[in-house]
Amino acid sequence: MNTKAPQEATVRELCVSREDLGLPPEKLPRHIAIIMDGNGRWAAQRGLPRIEGHRRGVRVVEEVVRACVRWGIPYLTLYCLSSENWKRPPSELSALMELLGQFMVESRRHILQQRIRLRILGRREGIPEHVLREMDKTVSLSANNDGLSLSLAINYGGRAELVDAVRAIVHKAIAGHIREEDITDEVIASHLYTSGLPDPDLLIRTAGEMRVSNFLLWQISYAELWVTSDFWPDFSELHLREAICDYARRTRRFGGL
């Protein structure tokens, strides 16, 4: 039974049926963040190696990026590899690193053609040198692009990000470059990996998990949440449309009335 109000249903149907979403620009999220979960489980359900789920997940990333470019979404952040993922079997981690390096090479032409600006969020420790070189090359070549700002969270942890920010601020304080009374929300934000980016408006999570998994802990304070039970390899442009449509119907109060 459809329990949505008629007006809400009409808005959603228009949104998902139009090429351009059919929404005014002010209703679109400026920054979408996605926790891409369920690659391994998707593969296991099909009797495939876990890496096949990750390969399929890369194709979904490409589809989502194309949709965001087409719809004029300014910022997209994807949670690719958490700092906790290093606990996985070495064989899977090695395959993931190779897949990451391959993505950096193969997606470079598309990134430059679409004027996408690539950023990497996270610590560099543990990532193979040849992968770091490809990451750095794509980041450098796309640095002056003025299209979608695409951030990939790789070896990322929200707590680690806050620790690194505190360390940087303390270092400046010891050197006499900043006073205690000068430390504000804005100062802390400027020392995060996401410095210069607006906070996410919409946080999407796949695989039905109801947690944020140490992702953008500072930045998602007022993000709207949207969860689907589908695994990331089954995520599609339609899911993204539905998430954006639901976001457009919500009222964001930021603690006010």
# chains A, B, ... in the order shown; residues from 1 in each chain; ligands from 1
>>> residues_around(residues="A:Lys27", least_positions_apart="5", cutoff="9 Å", atoms="only C-alpha atoms", output="PDB file with N, CA and C atoms, in the first residue's frame")
ATOM      1  N   ILE A 244      17.832  11.694  -3.979  1.00  0.00           N
ATOM      2  CA  ILE A 244      17.781  13.146  -4.176  1.00  0.00           C
ATOM      3  C   ILE A 244      16.355  13.653  -4.079  1.00  0.00           C
ATOM      4  N   CYS A 245      15.407  12.891  -4.612  1.00  0.00           N
ATOM      5  CA  CYS A 245      13.999  13.293  -4.525  1.00  0.00           C
ATOM      6  C   CYS A 245      13.523  13.328  -3.077  1.00  0.00           C
ATOM      7  N   TYR A 247      15.404  13.760  -0.488  1.00  0.00           N
ATOM      8  CA  TYR A 247      16.093  14.910   0.117  1.00  0.00           C
ATOM      9  C   TYR A 247      15.333  16.204  -0.188  1.00  0.00           C
ATOM     10  N   ALA A 248      14.894  16.351  -1.437  1.00  0.00           N
ATOM     11  CA  ALA A 248      14.227  17.584  -1.858  1.00  0.00           C
ATOM     12  C   ALA A 248      12.913  17.822  -1.118  1.00  0.00           C
ATOM     13  N   ARG A 249      12.293  16.745  -0.608  1.00  0.00           N
ATOM     14  CA  ARG A 249      11.018  16.877   0.093  1.00  0.00           C
ATOM     15  C   ARG A 249      11.185  17.181   1.582  1.00  0.00           C
TER      16      ARG A 249
END
>>> residues_around(residues="stretch 148-163 of chain A", least_positions_apart="2", cutoff="6 Å", atoms="only C-alpha atoms", output="JSON, numbers by chain")
{"A": [74, 75, 76, 77, 78, 79, 80, 81, 82, 83, 116, 117, 118, 119, 120, 121, 122, 123, 165, 166, 214, 215, 216, 217]}
>>> residues_around(residues="A:Pro200", least_positions_apart="4", cutoff="8 Å", atoms="only C-alpha atoms", output="PyMOL selection string")
chain A and resi 30-33+219-220+223
>>> write_last_selection(atoms="all heavy atoms", output="PDB file, in the first residue's frame")
ATOM      1  N   ARG A  30      23.863  20.102  -2.475  1.00  0.00           N
ATOM      2  CA  ARG A  30      25.104  20.636  -3.014  1.00  0.00           C
ATOM      3  C   ARG A  30      26.227  19.611  -2.906  1.00  0.00           C
ATOM      4  O   ARG A  30      27.090  19.529  -3.767  1.00  0.00           O
ATOM      5  CB  ARG A  30      25.477  21.915  -2.257  1.00  0.00           C
ATOM      6  CG  ARG A  30      26.618  22.701  -2.885  1.00  0.00           C
ATOM      7  CD  ARG A  30      26.910  23.959  -2.097  1.00  0.00           C
ATOM      8  NE  ARG A  30      27.995  24.712  -2.705  1.00  0.00           N
ATOM      9  CZ  ARG A  30      28.769  25.551  -2.036  1.00  0.00           C
ATOM     10  NH1 ARG A  30      28.568  25.750  -0.744  1.00  0.00           N
ATOM     11  NH2 ARG A  30      29.733  26.201  -2.657  1.00  0.00           N
ATOM     12  N   HIS A  31      26.199  18.842  -1.850  1.00  0.00           N
ATOM     13  CA  HIS A  31      27.264  17.867  -1.595  1.00  0.00           C
ATOM     14  C   HIS A  31      26.633  16.538  -1.185  1.00  0.00           C
ATOM     15  O   HIS A  31      25.900  16.467  -0.202  1.00  0.00           O
ATOM     16  CB  HIS A  31      28.182  18.392  -0.472  1.00  0.00           C
ATOM     17  CG  HIS A  31      29.390  17.537  -0.229  1.00  0.00           C
ATOM     18  ND1 HIS A  31      30.391  17.918   0.647  1.00  0.00           N
ATOM     19  CD2 HIS A  31      29.776  16.316  -0.722  1.00  0.00           C
ATOM     20  CE1 HIS A  31      31.327  16.979   0.677  1.00  0.00           C
ATOM     21  NE2 HIS A  31      30.972  15.997  -0.142  1.00  0.00           N
ATOM     22  N   ILE A  32      26.911  15.487  -1.948  1.00  0.00           N
ATOM     23  CA  ILE A  32      26.432  14.140  -1.646  1.00  0.00           C
ATOM     24  C   ILE A  32      27.616  13.297  -1.196  1.00  0.00           C
ATOM     25  O   ILE A  32      28.663  13.287  -1.839  1.00  0.00           O
ATOM     26  CB  ILE A  32      25.777  13.491  -2.879  1.00  0.00           C
ATOM     27  CG1 ILE A  32      24.551  14.296  -3.318  1.00  0.00           C
ATOM     28  CG2 ILE A  32      25.371  12.043  -2.580  1.00  0.00           C
ATOM     29  CD1 ILE A  32      23.930  13.787  -4.625  1.00  0.00           C
ATOM     30  N   ALA A  33      27.449  12.599  -0.085  1.00  0.00           N
ATOM     31  CA  ALA A  33      28.468  11.654   0.390  1.00  0.00           C
ATOM     32  C   ALA A  33      27.844  10.263   0.402  1.00  0.00           C
ATOM     33  O   ALA A  33      26.669  10.109   0.770  1.00  0.00           O
ATOM     34  CB  ALA A  33      28.952  12.038   1.789  1.00  0.00           C
ATOM     35  N   GLN A 219      31.783  16.399   9.639  1.00  0.00           N
ATOM     36  CA  GLN A 219      31.121  17.057   8.516  1.00  0.00           C
ATOM     37  C   GLN A 219      29.643  16.696   8.361  1.00  0.00           C
ATOM     38  O   GLN A 219      28.882  17.453   7.767  1.00  0.00           O
ATOM     39  CB  GLN A 219      31.867  16.728   7.219  1.00  0.00           C
ATOM     40  CG  GLN A 219      33.312  17.202   7.190  1.00  0.00           C
ATOM     41  CD  GLN A 219      34.299  16.162   7.726  1.00  0.00           C
ATOM     42  OE1 GLN A 219      33.935  15.322   8.543  1.00  0.00           O
ATOM     43  NE2 GLN A 219      35.532  16.210   7.262  1.00  0.00           N
ATOM     44  N   ILE A 220      29.223  15.525   8.844  1.00  0.00           N
ATOM     45  CA  ILE A 220      27.836  15.090   8.595  1.00  0.00           C
ATOM     46  C   ILE A 220      26.889  15.454   9.735  1.00  0.00           C
ATOM     47  O   ILE A 220      25.791  14.902   9.830  1.00  0.00           O
ATOM     48  CB  ILE A 220      27.758  13.571   8.323  1.00  0.00           C
ATOM     49  CG1 ILE A 220      28.246  12.765   9.549  1.00  0.00           C
ATOM     50  CG2 ILE A 220      28.532  13.216   7.065  1.00  0.00           C
ATOM     51  CD1 ILE A 220      27.992  11.273   9.429  1.00  0.00           C
ATOM     52  N   ALA A 223      23.740  16.378   8.036  1.00  0.00           N
ATOM     53  CA  ALA A 223      23.417  15.739   6.758  1.00  0.00           C
ATOM     54  C   ALA A 223      22.112  14.960   6.860  1.00  0.00           C
ATOM     55  O   ALA A 223      21.803  14.371   7.903  1.00  0.00           O
ATOM     56  CB  ALA A 223      24.543  14.807   6.337  1.00  0.00           C
TER      57      ALA A 223
END
>>> residues_around(residues="A:Ser107", least_positions_apart="5", cutoff="10 Å", atoms="only C-alpha atoms", output="MDAnalysis selection string")
chainID A and resid 62 102 112 138
>>> select_by_dssp(residues="stretch 19-234 of chain A", states="alpha helix (DSSP H)", output="PyMOL selection string")
chain A and resi 39-45+50-71+90-106+108-113+129-141+158-174+185-190
>>> residues_around(residues="A:Arg252", least_positions_apart="6", cutoff="12 Å", atoms="only C-alpha atoms", output="CSV table (one decimal) with N, CA and C atoms, in the first residue's frame")
chain,number,residue,atom,x,y,z
A,27,LYS,N,16.8,23.0,-4.6
A,27,LYS,CA,16.3,21.8,-4.0
A,27,LYS,C,17.3,20.6,-4.1
A,29,PRO,N,20.8,18.7,-3.5
A,29,PRO,CA,21.9,18.7,-2.5
A,29,PRO,C,23.2,19.2,-3.2
A,201,ASP,N,25.3,17.5,2.4
A,201,ASP,CA,23.9,17.7,2.6
A,201,ASP,C,23.1,16.4,2.7
A,202,LEU,N,23.6,15.4,1.9
A,202,LEU,CA,22.9,14.2,1.8
A,202,LEU,C,24.0,13.0,2.0
A,222,TYR,N,24.8,17.7,10.2
A,222,TYR,CA,23.4,18.0,9.8
A,222,TYR,C,23.0,17.4,8.4
A,223,ALA,N,23.7,16.4,8.0
A,223,ALA,CA,23.4,15.7,6.8
A,223,ALA,C,22.1,15.0,6.9
A,224,GLU,N,21.3,15.0,5.8
A,224,GLU,CA,20.2,14.1,5.7
A,224,GLU,C,20.6,12.7,5.3
A,225,LEU,N,20.0,11.7,6.0
A,225,LEU,CA,20.4,10.3,5.8
A,225,LEU,C,19.4,9.6,4.8
>>> select_by_dssp(residues="stretch 194-227 of chain A", states="strand (DSSP E)", output="mmCIF file with N, CA, C and O atoms, in the first residue's frame")
data_model
loop_
_atom_site.group_PDB
_atom_site.id
_atom_site.type_symbol
_atom_site.label_atom_id
_atom_site.label_comp_id
_atom_site.auth_asym_id
_atom_site.auth_seq_id
_atom_site.Cartn_x
_atom_site.Cartn_y
_atom_site.Cartn_z
ATOM 1 N N LEU A 202 23.601 15.439 1.938
ATOM 2 C CA LEU A 202 22.929 14.153 1.844
ATOM 3 C C LEU A 202 23.954 13.039 2.004
ATOM 4 O O LEU A 202 24.955 13.004 1.293
ATOM 5 N N LEU A 203 23.692 12.138 2.959
ATOM 6 C CA LEU A 203 24.552 10.968 3.168
ATOM 7 C C LEU A 203 23.767 9.721 2.779
ATOM 8 O O LEU A 203 22.730 9.422 3.363
ATOM 9 N N ILE A 204 24.288 8.993 1.796
ATOM 10 C CA ILE A 204 23.649 7.771 1.312
ATOM 11 C C ILE A 204 24.446 6.574 1.802
ATOM 12 O O ILE A 204 25.684 6.581 1.766
ATOM 13 N N ARG A 205 23.750 5.536 2.264
ATOM 14 C CA ARG A 205 24.427 4.297 2.647
ATOM 15 C C ARG A 205 23.706 3.114 2.014
ATOM 16 O O ARG A 205 22.474 3.036 2.015
ATOM 17 N N GLU A 224 21.347 14.958 5.782
ATOM 18 C CA GLU A 224 20.156 14.125 5.688
ATOM 19 C C GLU A 224 20.588 12.707 5.310
ATOM 20 O O GLU A 224 21.424 12.522 4.415
ATOM 21 N N LEU A 225 20.027 11.700 5.981
ATOM 22 C CA LEU A 225 20.429 10.315 5.762
ATOM 23 C C LEU A 225 19.436 9.598 4.842
ATOM 24 O O LEU A 225 18.222 9.804 4.946
ATOM 25 N N TRP A 226 19.959 8.757 3.975
ATOM 26 C CA TRP A 226 19.124 7.931 3.090
ATOM 27 C C TRP A 226 19.798 6.576 2.960
ATOM 28 O O TRP A 226 20.975 6.493 2.562
ATOM 29 N N VAL A 227 19.074 5.511 3.317
ATOM 30 C CA VAL A 227 19.638 4.168 3.348
ATOM 31 C C VAL A 227 18.835 3.247 2.434
ATOM 32 O O VAL A 227 17.602 3.292 2.432
#
>>> residues_around(residues="A:Met104", least_positions_apart="4", cutoff="10 Å", atoms="only C-alpha atoms", output="list in words")
Glu98, Leu99, Leu100, Arg108, Arg109, Ile111, Val131, Leu132, Arg133, Glu134, Met135, Asp136, Lys137, Thr138 and Val139 of chain A
>>> atom_distance(atom1="atom CA of A:Gln114", atom2="atom CA of A:Ser140")
15.3 Å
>>> atom_distance(atom1="atom CA of A:Pro198", atom2="atom CA of A:Trp218")
11.7 Å
>>> decode(residues="stretch 134-145 of chain A", atoms="N, CA and C atoms", output="PDB file, in the first residue's frame")
ATOM      1  N   GLU A 134      49.966   7.080  -9.187  1.00  0.00           N
ATOM      2  CA  GLU A 134      48.829   7.261 -10.100  1.00  0.00           C
ATOM      3  C   GLU A 134      47.776   8.188  -9.493  1.00  0.00           C
ATOM      4  N   MET A 135      47.550   8.058  -8.190  1.00  0.00           N
ATOM      5  CA  MET A 135      46.619   8.960  -7.513  1.00  0.00           C
ATOM      6  C   MET A 135      47.100  10.396  -7.627  1.00  0.00           C
ATOM      7  N   ASP A 136      48.372  10.617  -7.304  1.00  0.00           N
ATOM      8  CA  ASP A 136      48.926  11.971  -7.324  1.00  0.00           C
ATOM      9  C   ASP A 136      48.878  12.561  -8.729  1.00  0.00           C
ATOM     10  N   LYS A 137      49.127  11.729  -9.731  1.00  0.00           N
ATOM     11  CA  LYS A 137      49.114  12.227 -11.111  1.00  0.00           C
ATOM     12  C   LYS A 137      47.722  12.705 -11.506  1.00  0.00           C
ATOM     13  N   THR A 138      46.702  11.905 -11.184  1.00  0.00           N
ATOM     14  CA  THR A 138      45.333  12.294 -11.542  1.00  0.00           C
ATOM     15  C   THR A 138      44.895  13.527 -10.768  1.00  0.00           C
ATOM     16  N   VAL A 139      45.249  13.581  -9.484  1.00  0.00           N
ATOM     17  CA  VAL A 139      44.919  14.757  -8.671  1.00  0.00           C
ATOM     18  C   VAL A 139      45.580  16.003  -9.258  1.00  0.00           C
ATOM     19  N   SER A 140      46.846  15.902  -9.616  1.00  0.00           N
ATOM     20  CA  SER A 140      47.577  17.045 -10.153  1.00  0.00           C
ATOM     21  C   SER A 140      47.008  17.505 -11.490  1.00  0.00           C
ATOM     22  N   LEU A 141      46.739  16.564 -12.392  1.00  0.00           N
ATOM     23  CA  LEU A 141      46.231  16.922 -13.714  1.00  0.00           C
ATOM     24  C   LEU A 141      44.845  17.552 -13.653  1.00  0.00           C
ATOM     25  N   SER A 142      44.067  17.204 -12.640  1.00  0.00           N
ATOM     26  CA  SER A 142      42.684  17.700 -12.538  1.00  0.00           C
ATOM     27  C   SER A 142      42.550  18.899 -11.604  1.00  0.00           C
ATOM     28  N   ALA A 143      43.659  19.381 -11.050  1.00  0.00           N
ATOM     29  CA  ALA A 143      43.613  20.387  -9.980  1.00  0.00           C
ATOM     30  C   ALA A 143      42.921  21.681 -10.394  1.00  0.00           C
ATOM     31  N   ASN A 144      43.019  22.051 -11.646  1.00  0.00           N
ATOM     32  CA  ASN A 144      42.433  23.321 -12.100  1.00  0.00           C
ATOM     33  C   ASN A 144      41.073  23.158 -12.754  1.00  0.00           C
ATOM     34  N   ASN A 145      40.529  21.953 -12.731  1.00  0.00           N
ATOM     35  CA  ASN A 145      39.216  21.727 -13.330  1.00  0.00           C
ATOM     36  C   ASN A 145      38.124  22.419 -12.519  1.00  0.00           C
TER      37      ASN A 145
END
